[in-house]
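A.B. asks: My structure is below; once you've seen it, I'll send some questions.
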Amino acid sequence: MEIPSRYNPKDTEDKWYKFWQDEFLFSAKPSLDKKPFTIVIPPPNVTGILHMGHALNNTIQDILIRYHRMLGEEALWMPGTDHAGIATQNVVEKSIAKEGLKRHDLGREKFVERVWLWKEQYGSTIIKQLKKLGASCDWDRIRFTMDEEYSKSVLEVFVRLYEKGLIYRGSYIINWCPRCQTALSDEEAAHHELQGNLYYLKYPLKDNPEDFVVVATTRPETMLGDTAVAVNPKDKRYKKLIGKTLVLPLVNREIKIIADSSIDIKFGTGAVKVTPAHDPNDYLMGKKHNLEFINVMQPDAKMNELAGDYKDMDRFEAREVILEDLKEKGLLEKVEPHVLSAGHCYRCHTIIEPYLSKQWFVKMAPLAKPAIEVVKKGKIKFYPKRWTKVYLNWMENIQDWCISRQIWWGHRIPVYYCKYCQQAGNSEKGTIVSRIKPDKCPDCGSADIYQDEDVLDTWFSSWLWPFATFYWPFGISHIANCISQDKKADLASSDKRYATSDMPKDLEYFYPTSVLVTAPEIIFFWVARMIMAGLEFMKEIPFKDVYIHGTVRDIEGKKMSKSLGNIIDPLEIIDEYGTDALRFSLISITAQGQDVYLSKERFEQGRNFANKIWNASRFIMMNLDAQNIQVDLCQFTKKEDLSLVNRWILSRFYSVLKELSKNLDNFKFNEAANLLYSFFWHEFCDWYLELIKSDIKNKANQVVMYKVLEKFLRVLHPFMPFITEEIWQNLPHEGKSIMVQLIPHVQEALIDKKVEKKVSSVFDLITTIRNMRQELEILPQDKVNVDVFASKSMKQALEVMSQEIRNLAKIDLLELQENYQHKSGQFVNILKDMHIVIPLAGLIDVDKYREKIKQRIVKTESDIKAKDAMLGNESFVKRAPAEVVEKERERLKELKDSLHKLKAVKDAIS
RNA sequence: GGGCGCAUAGCUCAGUUGGUUAGAGCGCUACAUUCACAUUGUAGAGGUCAUAGGUUCAAGUCCUAUUGCGCCCACCA
């Protein structure tokens with residue numbers, strides 16, 4: 001069969017993905033003899049569309065999952081999506097707007113129906129895209145944060161926290177988005193700098209209307225709700241005025257001048273208008289000084305009836321009119337330009353209005369305490385470490401969490417009010433928190449009961465993700481709901497999990513999960529809260545390691561975002577370069593914890609690598625005799641059976657494997673990827689294959705090239721799943737899929753301890769050749785392997801080496817000399833490059849060479865002198881670690897040896 | 001204001017606990033083309049490791065300061 005000379009990802013990717021799924025290779029189940037390895041996916045929004053951040057995040061997770069699966073662990077990657085309250089509601093609102101409808105036109109029930117409809121239609125876009133990415137999630141387990149069962153978990157958590165006294169309702173100044181008409185948490189309020197003004201307003205004294213106190217404000221419209229003016233008690237300018245009464249202009253309300261030490265004397269005029277209902281600081285001051293709370297706005301940020309003449313004006317319109325009116329009365333002293341930073345809604349970017357309203361809160365301090373402990377004790381580790389500090393700093397200053405949201409899409413708050421009790425003004429009574437709607441009020445017996453209109457913050461469901469996905473606390477068997485018919489049949493015949501009771505339940509088996517892979521932005525939103533929830537409800541940490549990867553940025557360092565138009569669409573890259581190229585390039589440039597700077601050209605590296613693997617494999621397959629693949633390496637028991645070059649490549653592969661697992665276990669994915677890249681390309685292809693090419697039918701060569709390729713494909717598979725499967729399926733092999741082939745252990749890779757020992761004692765061919773080259777042509781080199789030179793002259797050593805080369809190449813050097821100008825082909829290039837052959841063949845400029853040796857001798861002599869001095873230094877010998885001193889002594893010895901040899905070479909050529 | 005990070009080749013970045021000669025990809029230059037691969041190969045040029053001090057026998061690596069860039073948090077009447 002003809003194999004094309006270019007790898008075409010489109011021919012293979014969908015095919016193998018389907019194959020893996022059909023063979024249930026992604027599914028995991030509790031197992032008595034296997035160690036679990038669990039990752040829960042950070043659930044993407046149902047409205048989500050795959051972007052580079054997802055691509056990076058999920059590639060990392062997939063590498064971990066596939067790696068551990070191939071290590072023989074029971075690896076589960078739990079998938080799902082997040083209902084994303086406001087985001088989803090926004091999308092659906094936009095879509096019904098096309099029909100000229102607003103959500104209030106439909107009413108709550110109809111609107112929520114529309115959202116579900118939307119979810120059914122479009123909600124799996126992101127899932128399909130994750131599949132394109134190769135994500136090996138156990139899709140039969142997919143969860144959604146608004147699933148019926150998941151919602152039960154959410155409800156349960158609310159009720160339990162309430163019963164424990166950790167949930168309360170309070171009035172609070174919240175960040176209010178007038179457009180979305182909902183409360184936003186502090187984290188959802190993005191602060192941007194804004195060019196505004198500082199307005200100096202004059203408030204007349206009651207006793208003496210000709211005299212004023214001047215206050216500075218950036219939001220003059222809120223003055224309608226002022227209930228005091230505050231000054232610092234230490235401020236000499238205002239000391240006498242404390243306790244006096246002012247008349248608030250335009251509304252003519254009398255307000256007091258109060259003293260509060262929080263006032264900054266230097267800012268503005270040192271006198272501050274206090275508007276407890278419209279500013280968080282003023283709110284605190286209002287509580288402290290028992291001020292009146294006057295709310296002058298409606299939820300849509302238009303002024304309300306308390307604003308008198310300004311009623312129904314938008315806040316910014318009212319601002320202009322009020323300023324006009326004050327100016328007319330001579331009460332506007334001056335206006336100064338002022339840069340302020342205002343909170344913006346992170347969804348719609350509307351300026352946030354601090355707004356007084358009733359909200360539900362979770363008391364966080366008691367939950368935070370154990371969550372701080374587990375991180376301090378190292379039970380949960382962050383990678384990179386520095387995020388630990390960030391986490392602890394936030395947790396130690398944690399604020400209560402406002403969990404109610406004034407939208408329709410979400411888990412409705414399970415609180416019911418008795419109309420009768422509420423009307424009687426008794427808010428203590430007639431508030432029922434319950435898992436199911438109560439029939440009647442327990443206080444008055446009335447059946448007139450209604451549910452709280454608000455829904456819960458989206459994070460109130462996602463913080464339960466690591467255990468609610470396993471049906472906490474009910475632990476129902478999900479076989480009935482979630483497993484496809486095919487799989488059910490499969491399980492029934494092969495798996496005893498659901499038949500016997502001694503198997504651990506999913507929740508027990510897979511929780512706590514192993515690693516959480518996420519972006520730094522959501523450490524507080526999500527990671528911290530999951531730790532708290534895990535400890536509170538499971539009494540155990542939700543995951544052991546948290547890997548925080550960087551933010552994906554464009555080549556100029558800007559965050560990729562739609563509004564900046566600097567998006568690189570991963571799906572386009574997949575289309576153009578292939579999934580494996582996308583994955584490999586992304587990983588190879590993502591250093592641990594560093595942000596990623598991307599440009600499209602980056603992906604060429606991955607594509608080229610895929611193509612290189614493809615062609616090297618093609619070459620091997622074209623030249624491979626199938627009967628040789630059965631041969632065990634143990635068969636080569638004598639040193640001569642395995643040529644130098646075979647021993648070398650096995651030795652190199654051995655160290656690569658060791659290095660690789662070290663890197664992966666430490667979450668150094670880029671180093672792992674680059675290691676595989678340079679081993680395969682620059683050692684296996686550039687040197688090994690070129691060297692055996694002329695004797696490719698040699699049995700040992702056949703065996704070694706096959707074994708190294710086959711095992712290399714396995715270790716590469718987690719990074720580039722598609723191409724490795726495609727090639728592996730074309731190689732003669734046993735087994736169904738590369739996915740069920742274990743990643744070779746170092747020993748397994750080399751089959752046999754004896755071989756391993758032999759291999760590791762063999763010197764490194766390439767290093768030697770390169771060293772020889774340097775020795776002869778360019779620079780002094782100390783690393784020249786002593787084995788070659790031991791008790792031999794330079795000339796003899798060269799003969800030994802060229803004999804090796806000749807054996808490998810089966811090319812006579814004299815013949816080479818005659819033909820080398822005319823012969824084409826890469827092998828000649830390589831030999832030409834190995835200047836090792838040249839001096840013997842008389843092809844070198846001896847004068848130049850002699851000069852280089854001379855320089856080398858000078859350098860070595862000076863090095864020896866320096867080392868001698870260092871070792872003669874008492875302080876060094878005393879204080880440097882013993883190994884270091886020993887190392888330096890060895891080094892000195894080596895230098896002396898090398899000087900000796902150099903002198904011999906000098907003699908030999910003169 | 002509080003916290004954190006970064007500064008290494010023309011560009012984008014690696015560089016584990018200090019220890020021989022600081023690496024990669026891309027780009028650039030020269031050469032190679034019946035060859036598994038031009039999405040290729042060989043070679044080459046290109047670095048005062050931001051600056052100034054310090055610790056050390058030894059600093060790209062540790063400490064201090066400075067400069068420049070970036071991020072997070074808080075405040076901003």
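Labels used: A, B, ... for chains in the order of the structure tokens, numbers from 1 for residues in each chain, and numbers from 1 for ligands as shown.
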For chain B versus chain A, which residues have an atom no more than 12 Å away, and what is each residue's nearest atom pair and distance in Å rounded to one decimal, using only C-alpha atoms (C1' of nucleotides), chain-then-number order, as a tab-separated table?

C.D. replies:
residue	atom	partner	partner_atom	distance
B:G2	C1'	A:Asn393	CA	10.8
B:G3	C1'	A:Val390	CA	7.8
B:C4	C1'	A:Val390	CA	7.9
B:G5	C1'	A:Gln594	CA	9.0
B:C6	C1'	A:Gln594	CA	9.4
B:C11	C1'	A:Ile555	CA	10.0
B:U12	C1'	A:Tyr597	CA	7.3
B:C13	C1'	A:Ile589	CA	7.2
B:A14	C1'	A:Ala591	CA	7.5
B:G15	C1'	A:Glu671	CA	10.5
B:U16	C1'	A:Asn663	CA	9.9
B:G18	C1'	A:Ala880	CA	11.6
B:G19	C1'	A:Val884	CA	7.3
B:U20	C1'	A:Arg891	CA	7.9
B:U21	C1'	A:Gln781	CA	8.3
B:G23	C1'	A:Asn674	CA	11.6
B:A24	C1'	A:Asn674	CA	8.1
B:G25	C1'	A:Gln605	CA	7.3
B:C26	C1'	A:Arg602	CA	7.8
B:G27	C1'	A:Glu601	CA	11.4
B:C31	C1'	A:Asn829	CA	10.4
B:A32	C1'	A:Gly825	CA	7.8
B:U33	C1'	A:Gly825	CA	8.1
B:U34	C1'	A:Gly825	CA	10.1
B:C35	C1'	A:Gly825	CA	6.3
B:A36	C1'	A:Phe619	CA	4.0
B:C37	C1'	A:Asn615	CA	5.1
B:A38	C1'	A:Asn608	CA	11.1
B:U39	C1'	A:Asn608	CA	4.6
B:U40	C1'	A:Lys612	CA	9.0
B:G41	C1'	A:Gln826	CA	6.4
B:U42	C1'	A:Asn829	CA	6.2
B:A43	C1'	A:Asp833	CA	8.2
B:U56	C1'	A:Ala880	CA	9.6
B:C57	C1'	A:Phe876	CA	4.4
B:A58	C1'	A:Phe876	CA	9.3
B:C69	C1'	A:Gly557	CA	10.6
B:G70	C1'	A:Gly557	CA	8.5
B:C71	C1'	A:Asp595	CA	10.2
B:C72	C1'	A:Val390	CA	8.8
B:C73	C1'	A:Trp394	CA	8.5
B:A74	C1'	A:Asn397	CA	11.2
B:C75	C1'	A:Ser341	CA	9.7
B:C76	C1'	A:Leu340	CA	6.4
B:A77	C1'	A:Val272	CA	5.1

A.B. asks: With a distance cut-off of 7 Å and only C-alpha atoms (C1' of nucleotides), select the neighbouring residues of stretch 110-122 of chain A, excluding the residue or stretch itself and same-chain residues fewer than 4 positions from it, and output the selection as a PyMOL selection string.

C.D. replies: chain A and resi 92+103+106+408-409

A.B. asks: Here is a test: counting only C-alpha atoms, which residue of A:Ile127, A:Leu241, A:Met146, A:Ile531 is nearest to A:Ile41?

C.D. replies: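 Closest residue, counting only C-alpha atoms: A:Ile127.
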
A.B. asks: What parts of stretch 245-322 of chain A does DSSP call helix (DSSP H, G or I)? I'd like the answer as a VMD selection string.

C.D. replies: chain A and resid 280 to 288 305 to 310 315 to 322

A.B. asks: Looking at only C-alpha atoms, which of A:Leu32, A:Ala301, A:Val374, A:Leu571 is the one that sits closest to A:Arg179?

C.D. replies: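 Smallest separation from A:Arg179 among the options: A:Ala301.
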
A.B. asks: What does the distance between atom C1' of B:U66 and atom C1' of B:G1 come to in Å, to one decimal place?

C.D. replies: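 If I compute the distance from atom C1' of B:U66 to atom C1' of B:G1, I get 20.7 Å.
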
A.B. asks: Excluding stretch 232-237 of chain A and residues on its chain fewer than 5 positions from it, collect all residues at most 7 Å away from it, counting only C-alpha atoms (C1' of nucleotides), and give them as JSON, numbers by chain.

C.D. replies: {"A": [259, 260, 261, 262, 263, 265]}

A.B. asks: Please list as a PDB file with C-alpha atoms, in the first residue's frame every residue within 9 Å of A:Ile351, counting only C-alpha atoms (C1' of nucleotides) and excluding residues in the same chain fewer than 5 positions away.

C.D. replies:
ATOM      1  CA  TRP A 176     -25.572  46.325  40.937  1.00  0.00           C
ATOM      2  CA  CYS A 177     -25.656  46.156  37.192  1.00  0.00           C
ATOM      3  CA  PRO A 178     -28.560  48.326  36.093  1.00  0.00           C
ATOM      4  CA  ALA A 342     -15.328  52.633  38.290  1.00  0.00           C
ATOM      5  CA  GLY A 343     -16.618  49.128  38.494  1.00  0.00           C
ATOM      6  CA  HIS A 344     -18.016  47.709  35.292  1.00  0.00           C
ATOM      7  CA  CYS A 345     -20.204  44.706  34.832  1.00  0.00           C
TER       8      CYS A 345
END

A.B. asks: Would you list, as an NGL selection string, the residues of stretch 331-534 of chain A that end up in strand (DSSP E) under DSSP run on this structure's backbone?

C.D. replies: :A and (332-345 or 353-362 or 381-383 or 401-402 or 404-405 or 415-418 or 431-433 or 449-451 or 455-456 or 513-518)

A.B. asks: Work out how far atom CA of A:Gln406 is from atom CA of A:Ala97, in Å to one decimal.

C.D. replies: 19.6 Å

A.B. asks: Can you tell me how far atom CA of A:Ser462 sits from atom CA of A:Met530, in Å to one decimal?

C.D. replies: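 Atom CA of A:Met530 lies at a distance of 7.8 Å from atom CA of A:Ser462.
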
A.B. asks: Within 8 Å of A:Ser446, counting only C-alpha atoms (C1' of nucleotides), which residues show up once you throw out same-chain ones fewer than 3 positions away? Write them as a list in words, please.

C.D. replies: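 My reading of the contact set: Cys418, Tyr420, Lys440, Cys441 and Ile449 of chain A.
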
A.B. asks: With N, CA, C and O atoms retained, could you export that selection as a JSON list (two decimals), in the first residue's frame?

C.D. replies:
[["chain", "number", "residue", "atom", "x", "y", "z"],
["A", 418, "CYS", "N", -44.09, 33.28, 53.70],
["A", 418, "CYS", "CA", -45.52, 33.29, 53.93],
["A", 418, "CYS", "C", -46.00, 34.71, 53.70],
["A", 418, "CYS", "O", -45.51, 35.65, 54.33],
["A", 420, "TYR", "N", -48.65, 36.16, 54.40],
["A", 420, "TYR", "CA", -49.35, 36.74, 55.54],
["A", 420, "TYR", "C", -48.35, 37.29, 56.58],
["A", 420, "TYR", "O", -48.42, 38.44, 56.99],
["A", 440, "LYS", "N", -47.80, 24.82, 54.02],
["A", 440, "LYS", "CA", -48.34, 25.95, 54.76],
["A", 440, "LYS", "C", -47.25, 26.53, 55.66],
["A", 440, "LYS", "O", -46.23, 25.90, 55.94],
["A", 441, "CYS", "N", -47.53, 27.75, 56.10],
["A", 441, "CYS", "CA", -46.58, 28.46, 56.94],
["A", 441, "CYS", "C", -46.55, 27.81, 58.33],
["A", 441, "CYS", "O", -47.58, 27.64, 58.96],
["A", 449, "ILE", "N", -48.15, 30.85, 50.14],
["A", 449, "ILE", "CA", -46.69, 30.82, 50.22],
["A", 449, "ILE", "C", -46.09, 31.03, 48.85],
["A", 449, "ILE", "O", -46.59, 30.52, 47.85]]

A.B. asks: Tell me which protein, DNA and RNA residues are within 8 Å of stretch 12-16 of chain A, counting only C-alpha atoms (C1' of nucleotides), leaving out same-chain ones fewer than 6 positions away, and put them as a list in words.

C.D. replies: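 Listing them by chain and then by number gives Lys132, Thr579, Phe722, Ile723, Glu725 and Glu726 of chain A.
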